[in-house]
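**Q** Here it is: the structure, laid out below.
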Amino acid sequence: MPHTSHKKKTKKRHVTVDEDGWTKVITTTTSTGSRIPNVSQPLPTASDSQQLAFSWSIDDKHVSFDMTLPAAVAAPSDMTVDHLDKRFRAVEARWLESDSWAGLEDVLRQTTTKDQQTILHISTCILIGSGSCSTAPSGRQEVTFYQVAAFKAAVDLIRRLQKAPPVVYAQEPLYNDLDAQFLHTLGISVVQHPRGFDAVDDGAVFVFSPCPERFVELQIMQHKPTLWLHRPLLDDRWPSLDNSQNLDWMLHGRNIHSTPSSDSDSTRVSAGQDHQGNYQSSCESHLRAEYLVNRALFEHSRRRYKAWKLPSLPVHNYPFEGAALLRYDDEEVEELCDDSEP
């Protein structure tokens, strides 16, 4: 199980757009130590749109694209940290009494300790994609609080099980300043995309990604977190391309330059839409090529994570439905999903 933090060589990919609108990717290799996210940068203001970059690779095949998201919404003027804390503590109390937490606590203890000794030292804990605590739509704020409560409870347990406490981060494009202040009171530092993904490389890492989009899931897979609170990695997530005729969802929110590339070909072809909104033929072919890369990375990860299913939480909007704790192994696991002890 990889949990070292020594210096290592990493590939950096720089993206440029030339005068004709073609995107070029240049790959360089550098030697770095452990990367700690910069928590000093302010969150985007209400007037800023957000440019998010995603990239992953397998077998020298790369996928890289950008997305433009609306800015985070400012919290209501009369909402305070104390208001959020009061609502959160009520949800947290219900979470700590649930079978879902009892199951997660049991598996975390089994996975990280043996004979009351720590066998897996978790250096970093990261929450990715919980949603905003202060501006969630009606009926969804409680879901966010349950997910934050699940993450905090796991972090608190990890702190109790090992001598050195982990560093704790949260990444979510919709966090605003009030969310950051509230999470800070819980010992969680908010970081901007992609610093949460980058931090997964720092030693043995615990990641919680509640209900992520598939491109977020793939970005996390690229970094191979040691413990991943997610869901079982099932075949139907990325079925064969013959059974996936509709690729439209893969363009949702993307900027127009998007296609996979290989190390031998550093130029990416524009994958845009025509003036009627119909996909150009080159766009569909590149999406199909990307789909195969995505499926290969997913299948690689599926073979290396052992999963322990966890009890679902029977409350409104299913904040902890179908969850599993995944543990990464460099060797292929024999059983992909298990209800027994590690």
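Quick note on naming: the chains in the structure tokens go A, B, ... in the order shown, residues restart at 1 in each chain, and ligands are numbered from 1 in order of appearance.
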Taking the DSSP assignment computed from this structure's backbone, write out as a PyMOL selection string all residues of range 99-257 of chain A that belong to alpha helix (DSSP H).
**A** chain A and resi 99-112+141-161+177-185+195-198+214-223
**Q** Pick the closest to Met79 in chain A from A:Val207, A:Val155, A:Cys133, A:Ala102: which is it, counting only C-alpha atoms?
**A**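 Of the candidates, the smallest distance to Met79 in chain A is held by A:Cys133.
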**Q** Using only C-alpha atoms for the distances, tell me which of A:Trp101, A:Tyr175, A:Tyr146, A:Trp249 is nearest to Ser132 in chain A.
**A**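 Closest to Ser132 in chain A, using only C-alpha atoms: A:Tyr175.
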**Q** Using only C-alpha atoms, which of the listed residues (A:Gln51, A:Thr112, A:Gln171, A:Ser134) sits closest to Ser209 in chain A?
**A** A:Gln171
**Q** DSSP on the backbone, strand (DSSP E) only: what residues of range 132-209 of chain A does that give? Format it as a list in words.
**A**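 Answer for range 132-209 of chain A, restricted to strand (DSSP E): Val167, Val168, Tyr169, Ala170, Gln171, Ser189, Val190, Val205, Phe206, Val207 and Phe208 of chain A.
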**Q** How many Å separate CA of Pro319 in chain A from CA of Tyr291 in chain A?
**A**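 Those two atoms sit 28.4 Å apart.
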**Q** Have a look at A:Gly203, A:Pro166, A:Pro194, A:Pro70 and name the one nearest to Gln219 in chain A; count only C-alpha atoms.
**A**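 Result for the nearest residue to Gln219 in chain A: A:Pro194.
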**Q** How far is it from CA of His184 in chain A to CA of Glu213 in chain A, in Å with one decimal?
**A** 25.5 Å
